[in-house]
>>> print(open('start.pdb').read())   # PDB, C-alpha atoms and all ligand atoms
ATOM      1  CA  MET A  26     102.706-148.265  65.149
ATOM      2  CA  ARG A  27     100.451-148.286  62.125
ATOM      3  CA  PRO A  28      96.847-149.343  62.718
ATOM      4  CA  LYS A  29      96.877-153.101  63.056
ATOM      5  CA  ASN A  30      93.805-154.543  61.428
ATOM      6  CA  GLU A  31      91.782-151.908  59.745
ATOM      7  CA  TRP A  32      93.984-151.492  56.746
ATOM      8  CA  ASP A  33      92.236-151.936  53.472
ATOM      9  CA  ILE A  34      95.145-153.791  51.901
ATOM     10  CA  GLN A  35      93.821-153.504  48.387
ATOM     11  CA  LEU A  36      93.332-149.745  48.644
ATOM     12  CA  TYR A  37      96.769-149.416  50.235
ATOM     13  CA  ASN A  38      98.443-151.257  47.375
ATOM     14  CA  GLU A  39      96.408-149.635  44.603
ATOM     15  CA  LYS A  40      96.478-146.037  45.743
ATOM     16  CA  HIS A  41      99.408-145.861  48.121
ATOM     17  CA  GLY A  42     101.860-148.178  46.375
ATOM     18  CA  PHE A  43     104.386-145.320  46.404
ATOM     19  CA  VAL A  44     105.147-146.368  49.988
ATOM     20  CA  TYR A  45     107.188-149.302  48.747
ATOM     21  CA  LYS A  46     108.018-148.127  45.202
ATOM     22  CA  TYR A  47     110.349-145.431  46.532
ATOM     23  CA  GLY A  48     111.983-147.989  48.810
ATOM     24  CA  GLU A  49     113.588-149.825  45.904
ATOM     25  CA  ASP A  50     116.262-147.136  45.812
ATOM     26  CA  LEU A  51     117.043-147.765  49.478
ATOM     27  CA  ILE A  52     117.817-151.409  48.713
ATOM     28  CA  LYS A  53     120.781-150.205  46.654
ATOM     29  CA  LEU A  54     122.165-148.616  49.821
ATOM     30  CA  LEU A  55     121.531-151.835  51.739
ATOM     31  CA  HIS A  56     123.433-153.739  49.047
ATOM     32  CA  PRO A  57     122.286-157.205  50.184
ATOM     33  CA  ILE A  58     124.750-160.025  49.592
ATOM     34  CA  GLU A  59     123.966-163.702  49.062
ATOM     35  CA  GLY A  60     123.975-165.561  52.363
ATOM     36  CA  GLU A  61     123.523-162.499  54.587
ATOM     37  CA  LEU A  62     120.782-162.580  57.215
ATOM     38  CA  ILE A  63     118.647-159.428  56.907
ATOM     39  CA  LEU A  64     115.622-158.124  58.813
ATOM     40  CA  ASP A  65     113.002-156.010  57.027
ATOM     41  CA  LEU A  66     111.545-154.032  59.928
ATOM     42  CA  GLY A  67     107.972-152.909  59.202
ATOM     43  CA  CYS A  68     107.752-154.925  56.005
ATOM     44  CA  GLY A  69     104.082-154.155  55.254
ATOM     45  CA  THR A  70     102.835-156.454  52.501
ATOM     46  CA  GLY A  71     106.359-157.711  51.745
ATOM     47  CA  GLU A  72     107.214-156.124  48.371
ATOM     48  CA  LEU A  73     110.632-154.866  49.436
ATOM     49  CA  THR A  74     111.291-157.978  51.524
ATOM     50  CA  ASN A  75     110.868-159.932  48.302
ATOM     51  CA  GLU A  76     113.271-157.609  46.451
ATOM     52  CA  ILE A  77     115.894-158.273  49.151
ATOM     53  CA  TYR A  78     115.164-162.006  48.939
ATOM     54  CA  LYS A  79     115.908-161.940  45.193
ATOM     55  CA  SER A  80     119.511-160.931  45.989
ATOM     56  CA  GLY A  81     120.081-164.354  47.566
ATOM     57  CA  ALA A  82     120.149-163.011  51.126
ATOM     58  CA  LYS A  83     118.089-164.769  53.790
ATOM     59  CA  VAL A  84     115.480-162.219  54.791
ATOM     60  CA  ILE A  85     112.830-162.121  57.505
ATOM     61  CA  GLY A  86     109.990-159.584  57.510
ATOM     62  CA  ILE A  87     108.230-158.246  60.599
ATOM     63  CA  ASP A  88     105.307-155.865  60.949
ATOM     64  CA  ALA A  89     102.908-154.948  63.762
ATOM     65  CA  SER A  90      99.889-155.267  61.463
ATOM     66  CA  GLU A  91      98.396-158.773  61.343
ATOM     67  CA  SER A  92      96.553-158.017  58.111
ATOM     68  CA  MET A  93      99.735-156.819  56.397
ATOM     69  CA  ILE A  94     101.621-159.914  57.509
ATOM     70  CA  SER A  95      98.920-162.299  56.331
ATOM     71  CA  ALA A  96      98.880-160.551  52.915
ATOM     72  CA  ALA A  97     102.700-160.806  52.767
ATOM     73  CA  LYS A  98     102.652-164.531  53.651
ATOM     74  CA  GLU A  99     100.071-165.218  50.967
ATOM     75  CA  LYS A 100     102.062-163.438  48.259
ATOM     76  CA  TYR A 101     105.582-164.537  49.153
ATOM     77  CA  ASN A 102     105.403-167.972  50.709
ATOM     78  CA  ASP A 103     109.162-168.669  50.548
ATOM     79  CA  ILE A 104     109.850-165.852  53.016
ATOM     80  CA  ASP A 105     109.348-165.918  56.805
ATOM     81  CA  PHE A 106     107.088-163.143  58.082
ATOM     82  CA  TYR A 107     106.095-162.486  61.698
ATOM     83  CA  VAL A 108     103.790-160.098  63.545
ATOM     84  CA  LYS A 109     106.116-158.150  65.858
ATOM     85  CA  GLU A 110     106.425-154.618  67.212
ATOM     86  CA  ALA A 111     109.396-152.465  66.141
ATOM     87  CA  ALA A 112     109.939-151.386  69.750
ATOM     88  CA  ASN A 113     109.822-154.929  71.107
ATOM     89  CA  PHE A 114     111.324-157.766  69.103
ATOM     90  CA  GLN A 115     114.004-160.372  69.722
ATOM     91  CA  PHE A 116     115.466-163.030  67.405
ATOM     92  CA  GLU A 117     117.847-165.814  68.446
ATOM     93  CA  GLU A 118     120.318-165.207  65.641
ATOM     94  CA  PRO A 119     121.648-161.651  65.181
ATOM     95  CA  PHE A 120     121.305-160.034  61.748
ATOM     96  CA  ASP A 121     123.978-158.833  59.322
ATOM     97  CA  ALA A 122     121.720-155.903  58.470
ATOM     98  CA  ILE A 123     118.422-154.296  59.465
ATOM     99  CA  PHE A 124     116.455-152.470  56.788
ATOM    100  CA  SER A 125     113.395-150.289  57.322
ATOM    101  CA  ASN A 126     111.466-148.154  54.872
ATOM    102  CA  ALA A 127     108.622-145.703  55.593
ATOM    103  CA  VAL A 128     107.733-147.120  58.994
ATOM    104  CA  LEU A 129     109.699-145.644  61.878
ATOM    105  CA  HIS A 130     107.738-142.366  61.839
ATOM    106  CA  TRP A 131     104.804-144.422  63.177
ATOM    107  CA  VAL A 132     106.663-145.495  66.299
ATOM    108  CA  LEU A 133     106.807-142.871  69.023
ATOM    109  CA  GLU A 134     108.987-145.055  71.271
ATOM    110  CA  SER A 135     112.042-144.231  69.159
ATOM    111  CA  GLU A 136     114.699-145.087  71.738
ATOM    112  CA  LYS A 137     113.190-148.512  72.363
ATOM    113  CA  VAL A 138     113.327-149.181  68.612
ATOM    114  CA  VAL A 139     117.004-148.188  68.446
ATOM    115  CA  VAL A 140     117.862-150.389  71.460
ATOM    116  CA  CYS A 141     116.010-153.314  69.859
ATOM    117  CA  MET A 142     117.785-152.865  66.514
ATOM    118  CA  HIS A 143     121.159-152.691  68.270
ATOM    119  CA  ARG A 144     120.477-155.868  70.287
ATOM    120  CA  ASN A 145     119.467-157.789  67.159
ATOM    121  CA  LEU A 146     122.476-156.849  65.001
ATOM    122  CA  LYS A 147     125.886-158.506  64.756
ATOM    123  CA  LYS A 148     128.917-156.394  65.647
ATOM    124  CA  ASN A 149     129.585-154.122  62.665
ATOM    125  CA  GLY A 150     126.085-154.975  61.396
ATOM    126  CA  LYS A 151     124.469-152.449  59.095
ATOM    127  CA  LEU A 152     121.423-150.277  59.683
ATOM    128  CA  VAL A 153     119.674-148.855  56.606
ATOM    129  CA  LEU A 154     116.647-146.711  57.394
ATOM    130  CA  GLU A 155     114.386-144.232  55.697
ATOM    131  CA  PHE A 156     111.344-142.555  57.193
ATOM    132  CA  GLY A 157     109.648-139.175  57.622
ATOM    133  CA  GLY A 158     112.020-136.530  58.985
ATOM    134  CA  LYS A 159     111.726-133.006  60.344
ATOM    135  CA  GLY A 160     109.221-130.940  58.356
ATOM    136  CA  ASN A 161     107.503-133.981  56.856
ATOM    137  CA  VAL A 162     104.057-133.176  55.372
ATOM    138  CA  LYS A 163     104.245-129.771  57.047
ATOM    139  CA  ILE A 164     102.103-128.000  54.455
ATOM    140  CA  ILE A 165      99.338-130.599  54.852
ATOM    141  CA  LEU A 166      99.449-130.800  58.663
ATOM    142  CA  ASP A 167      99.690-127.032  59.203
ATOM    143  CA  THR A 168      96.686-126.577  56.939
ATOM    144  CA  VAL A 169      94.647-129.263  58.704
ATOM    145  CA  ASP A 170      95.301-127.544  62.029
ATOM    146  CA  LYS A 171      94.424-124.126  60.589
ATOM    147  CA  ILE A 172      91.114-125.361  59.180
ATOM    148  CA  LEU A 173      90.281-127.258  62.378
ATOM    149  CA  LEU A 174      90.882-124.110  64.421
ATOM    150  CA  GLU A 175      88.794-121.965  62.056
ATOM    151  CA  ASN A 176      85.965-124.464  62.480
ATOM    152  CA  GLY A 177      85.975-124.516  66.268
ATOM    153  CA  TYR A 178      88.120-127.621  66.840
ATOM    154  CA  SER A 179      91.421-127.868  68.673
ATOM    155  CA  GLN A 180      94.570-128.328  66.613
ATOM    156  CA  ARG A 181      95.282-132.037  66.382
ATOM    157  CA  ALA A 182      97.494-132.693  63.397
ATOM    158  CA  LYS A 183     100.796-131.508  64.807
ATOM    159  CA  ILE A 184     100.437-133.089  68.215
ATOM    160  CA  LYS A 185     102.529-136.208  68.520
ATOM    161  CA  ASN A 186     100.824-138.483  66.030
ATOM    162  CA  TRP A 187     104.116-139.294  64.348
ATOM    163  CA  TYR A 188     107.854-139.091  64.936
ATOM    164  CA  PHE A 189     109.657-136.830  62.433
ATOM    165  CA  PRO A 190     113.147-136.217  63.907
ATOM    166  CA  SER A 191     115.845-133.890  62.637
ATOM    167  CA  ILE A 192     119.251-135.228  61.561
ATOM    168  CA  SER A 193     120.887-134.164  64.817
ATOM    169  CA  GLU A 194     118.114-135.614  66.982
ATOM    170  CA  TYR A 195     118.256-139.018  65.315
ATOM    171  CA  THR A 196     122.012-139.330  64.903
ATOM    172  CA  THR A 197     122.451-138.380  68.580
ATOM    173  CA  LEU A 198     119.977-141.104  69.514
ATOM    174  CA  LEU A 199     121.889-143.649  67.416
ATOM    175  CA  GLU A 200     125.291-142.632  68.792
ATOM    176  CA  ARG A 201     124.028-142.732  72.364
ATOM    177  CA  ASN A 202     122.970-146.336  71.756
ATOM    178  CA  GLY A 203     126.122-147.793  70.241
ATOM    179  CA  PHE A 204     125.914-146.936  66.537
ATOM    180  CA  GLU A 205     128.363-145.146  64.291
ATOM    181  CA  VAL A 206     126.555-143.077  61.665
ATOM    182  CA  GLU A 207     128.048-143.208  58.152
ATOM    183  CA  LEU A 208     125.329-141.292  56.337
ATOM    184  CA  ALA A 209     122.448-139.085  57.453
ATOM    185  CA  GLN A 210     120.485-137.125  54.916
ATOM    186  CA  LEU A 211     117.259-135.137  55.205
ATOM    187  CA  TYR A 212     115.825-134.463  51.785
ATOM    188  CA  GLU A 213     112.655-133.207  50.153
ATOM    189  CA  ARG A 214     110.789-135.883  48.296
ATOM    190  CA  PRO A 215     107.500-134.504  46.957
ATOM    191  CA  THR A 216     105.453-137.649  46.505
ATOM    192  CA  GLU A 217     102.894-137.978  43.759
ATOM    193  CA  LEU A 218      99.529-139.213  44.971
ATOM    194  CA  SER A 219      97.673-141.489  42.633
ATOM    195  CA  ASP A 220      94.143-140.117  43.069
ATOM    196  CA  GLU A 221      94.034-137.303  40.516
ATOM    197  CA  LYS A 222      90.832-135.784  41.864
ATOM    198  CA  ASN A 223      91.142-136.124  45.616
ATOM    199  CA  GLY A 224      94.798-136.901  46.275
ATOM    200  CA  ILE A 225      95.128-134.947  49.542
ATOM    201  CA  LYS A 226      91.750-136.057  50.889
ATOM    202  CA  GLU A 227      92.525-139.702  50.151
ATOM    203  CA  TRP A 228      95.968-139.391  51.719
ATOM    204  CA  LEU A 229      94.499-137.896  54.903
ATOM    205  CA  LEU A 230      91.806-140.549  55.084
ATOM    206  CA  MET A 231      94.377-143.347  54.716
ATOM    207  CA  PHE A 232      97.176-142.014  56.907
ATOM    208  CA  GLY A 233      95.661-139.346  59.120
ATOM    209  CA  SER A 234      92.349-140.832  60.156
ATOM    210  CA  THR A 235      93.187-140.470  63.868
ATOM    211  CA  ILE A 236      93.219-136.673  63.467
ATOM    212  CA  PHE A 237      89.497-136.678  62.663
ATOM    213  CA  GLU A 238      88.325-139.116  65.329
ATOM    214  CA  GLY A 239      85.039-137.965  66.866
ATOM    215  CA  ILE A 240      84.148-135.680  63.939
ATOM    216  CA  ASN A 241      81.070-136.851  62.051
ATOM    217  CA  PHE A 242      81.231-137.913  58.400
ATOM    218  CA  LYS A 243      79.628-134.794  56.890
ATOM    219  CA  GLU A 244      81.740-132.409  58.909
ATOM    220  CA  LYS A 245      84.890-134.389  58.137
ATOM    221  CA  GLU A 246      84.123-134.176  54.410
ATOM    222  CA  ARG A 247      83.664-130.420  54.687
ATOM    223  CA  ILE A 248      86.986-130.023  56.528
ATOM    224  CA  LEU A 249      88.850-132.287  54.114
ATOM    225  CA  ASN A 250      87.487-130.379  51.117
ATOM    226  CA  LYS A 251      88.645-127.108  52.655
ATOM    227  CA  VAL A 252      92.112-128.493  53.402
ATOM    228  CA  GLN A 253      92.496-129.774  49.867
ATOM    229  CA  GLU A 254      91.357-126.466  48.404
ATOM    230  CA  GLU A 255      93.728-124.494  50.625
ATOM    231  CA  VAL A 256      96.856-126.521  49.754
ATOM    232  CA  LYS A 257      96.031-126.652  46.053
ATOM    233  CA  ASP A 258      98.426-123.865  45.020
ATOM    234  CA  ARG A 259     101.347-125.710  46.673
ATOM    235  CA  CYS A 260     100.411-129.378  46.264
ATOM    236  CA  PHE A 261      98.670-129.556  42.871
ATOM    237  CA  ILE A 262     101.300-129.315  40.172
ATOM    238  CA  GLU A 263     100.680-129.844  36.465
ATOM    239  CA  GLY A 264      97.474-131.773  37.073
ATOM    240  CA  LYS A 265      98.840-133.986  39.855
ATOM    241  CA  TRP A 266      98.612-134.002  43.634
ATOM    242  CA  PHE A 267     101.794-134.210  45.699
ATOM    243  CA  ALA A 268     102.384-134.713  49.441
ATOM    244  CA  ASP A 269     105.295-132.636  50.782
ATOM    245  CA  TYR A 270     107.362-135.523  52.138
ATOM    246  CA  MET A 271     110.737-134.970  53.832
ATOM    247  CA  ARG A 272     112.744-138.154  54.156
ATOM    248  CA  LEU A 273     115.447-138.954  56.689
ATOM    249  CA  ARG A 274     117.848-141.514  55.253
ATOM    250  CA  ILE A 275     120.352-143.247  57.535
ATOM    251  CA  LEU A 276     123.245-145.655  57.111
ATOM    252  CA  ALA A 277     124.849-146.678  60.407
ATOM    253  CA  ARG A 278     126.825-149.574  61.908
ATOM    254  CA  LYS A 279     126.781-151.265  65.283
ATOM    255  CA  LYS A 280     130.087-150.493  66.998
TER     256      LYS A 280
HETATM  257  C1  LIG B 301     104.927-140.633  55.628
HETATM  258  O1  LIG B 301     105.129-141.681  55.011
HETATM  259  O2  LIG B 301     105.700-139.688  55.566
HETATM  260  C2  LIG B 301     103.732-140.495  56.477
HETATM  261  C3  LIG B 301     102.810-141.497  56.534
HETATM  262  C4  LIG B 301     101.746-141.349  57.353
HETATM  263  C5  LIG B 301     101.563-140.225  58.091
HETATM  264  C6  LIG B 301     102.470-139.229  58.036
HETATM  265  C7  LIG B 301     103.567-139.369  57.211
END
>>> encode(input="start.pdb", output="structure tokens")
Amino acid sequence: MRPKNEWDIQLYNEKHGFVYKYGEDLIKLLHPIEGELILDLGCGTGELTNEIYKSGAKVIGIDASESMISAAKEKYNDIDFYVKEAANFQFEEPFDAIFSNAVLHWVLESEKVVVCMHRNLKKNGKLVLEFGGKGNVKIILDTVDKILLENGYSQRAKIKNWYFPSISEYTTLLERNGFEVELAQLYERPTELSDEKNGIKEWLLMFGSTIFEGINFKEKERILNKVQEEVKDRCFIEGKWFADYMRLRILARKK
């Protein structure tokens, strides 16, 4: 899952607020109804959990990051938040719906997550998910690997740091575990990065730091500068940096 404690919450919210801003659209698909019991799986600092709460539904937020959960509790003290892993959680009362935005690509134990979601839903309960799908940030990751190789390092970006399944891979996984899929969509969502000067570098430092483990600061800077320069023709559009996100959006029900 995402790093647990080292998140700079302020930086995350200031520069990477797009993570939850895009999720507002997904809430329309969730269509929360007053009185429903809903789980926000991987709630981060709770912004979308609070949007669901405003609908009158009873919502609980969970996240594996202690620092995210303490920030969420501080901001939204009417909502229950817990530190729990997506691949290992259990609540006494089953949910009417489970919602998850921009999180499941962090969890490599994808089948365990699906089993957990199934166990914690009511019969006919709804699953509304969006996360990175096949081809996600391919331009950025391919370029990182190319530059690493040119500089005498092994390729590290495309090894299994994240889980970016195709439609068929993920819907098969859901069907095998007792879900009926009503919607599965893989779509391009170029995502504007807020740092106008160093958008790609900042993105890699925030989300891809594990790729550069063991590389000293100066060398890392040199590699990051080269990556940013190399992707510029594809990722810098009309004065703004974009990450080449591919999103997998799912609506499914427990059979
Ligand atoms: C994403 O949101 O697509 C993402 C986040 C971190 C690393 C890779 C992808």
>>> atom_distance(input="start.pdb", atom1="CA of Leu73 in chain A", atom2="CA of Gly48 in chain A")
7.0 Å
>>> resolve_selection(input="start.pdb", expression="the PyMOL selection byres (((not hetatm)) within 9 of (chain B and resi 301))", output="PyMOL selection string")
chain A and resi 27+44+127-128+130-131+156-158+161-162+166+186-189+228-229+231-233+268-272
>>> atom_distance(input="start.pdb", atom1="CA of Ser125 in chain A", atom2="CA of Asp65 in chain A")
5.7 Å
>>> atom_distance(input="start.pdb", atom1="CA of Asp258 in chain A", atom2="CA of Gly160 in chain A")
18.6 Å
>>> resolve_selection(input="start.pdb", expression="the PyMOL selection byres (((chain A and resi 169) around 10) and not hetatm)", output="VMD selection string")
chain A and resid 163 to 168 170 to 175 180 to 183 229 236 to 237 248 to 249 251 to 253 255 to 256
>>> resolve_selection(input="start.pdb", expression="the PyMOL selection byres (((chain A and resi 78-82) around 7) and not hetatm)", output="mmCIF file with C-alpha atoms, keeping the file's coordinate frame")
data_model
loop_
_atom_site.group_PDB
_atom_site.id
_atom_site.type_symbol
_atom_site.label_atom_id
_atom_site.label_comp_id
_atom_site.auth_asym_id
_atom_site.auth_seq_id
_atom_site.Cartn_x
_atom_site.Cartn_y
_atom_site.Cartn_z
ATOM 1 C CA PRO A 57 122.286 -157.205 50.184
ATOM 2 C CA ILE A 58 124.750 -160.025 49.592
ATOM 3 C CA GLU A 59 123.966 -163.702 49.062
ATOM 4 C CA GLY A 60 123.975 -165.561 52.363
ATOM 5 C CA GLU A 61 123.523 -162.499 54.587
ATOM 6 C CA LEU A 62 120.782 -162.580 57.215
ATOM 7 C CA ILE A 63 118.647 -159.428 56.907
ATOM 8 C CA THR A 74 111.291 -157.978 51.524
ATOM 9 C CA ASN A 75 110.868 -159.932 48.302
ATOM 10 C CA GLU A 76 113.271 -157.609 46.451
ATOM 11 C CA ILE A 77 115.894 -158.273 49.151
ATOM 12 C CA LYS A 83 118.089 -164.769 53.790
ATOM 13 C CA VAL A 84 115.480 -162.219 54.791
#
>>> residues_around(input="start.pdb", residues="Leu199 in chain A", least_positions_apart="6", cutoff="9 Å", atoms="only C-alpha atoms", output="tab-separated table (two decimals) with C-alpha atoms, in the frame of the given file")
chain	number	residue	atom	x	y	z
A	136	GLU	CA	114.70	-145.09	71.74
A	139	VAL	CA	117.00	-148.19	68.45
A	140	VAL	CA	117.86	-150.39	71.46
A	205	GLU	CA	128.36	-145.15	64.29
A	206	VAL	CA	126.56	-143.08	61.66
A	277	ALA	CA	124.85	-146.68	60.41
>>> closest_residue(input="start.pdb", among="A:Glu110, A:Asp220, A:Asp121, A:Glu155", to="Leu133 in chain A", atoms="all atoms listed in the file")
A:Glu110
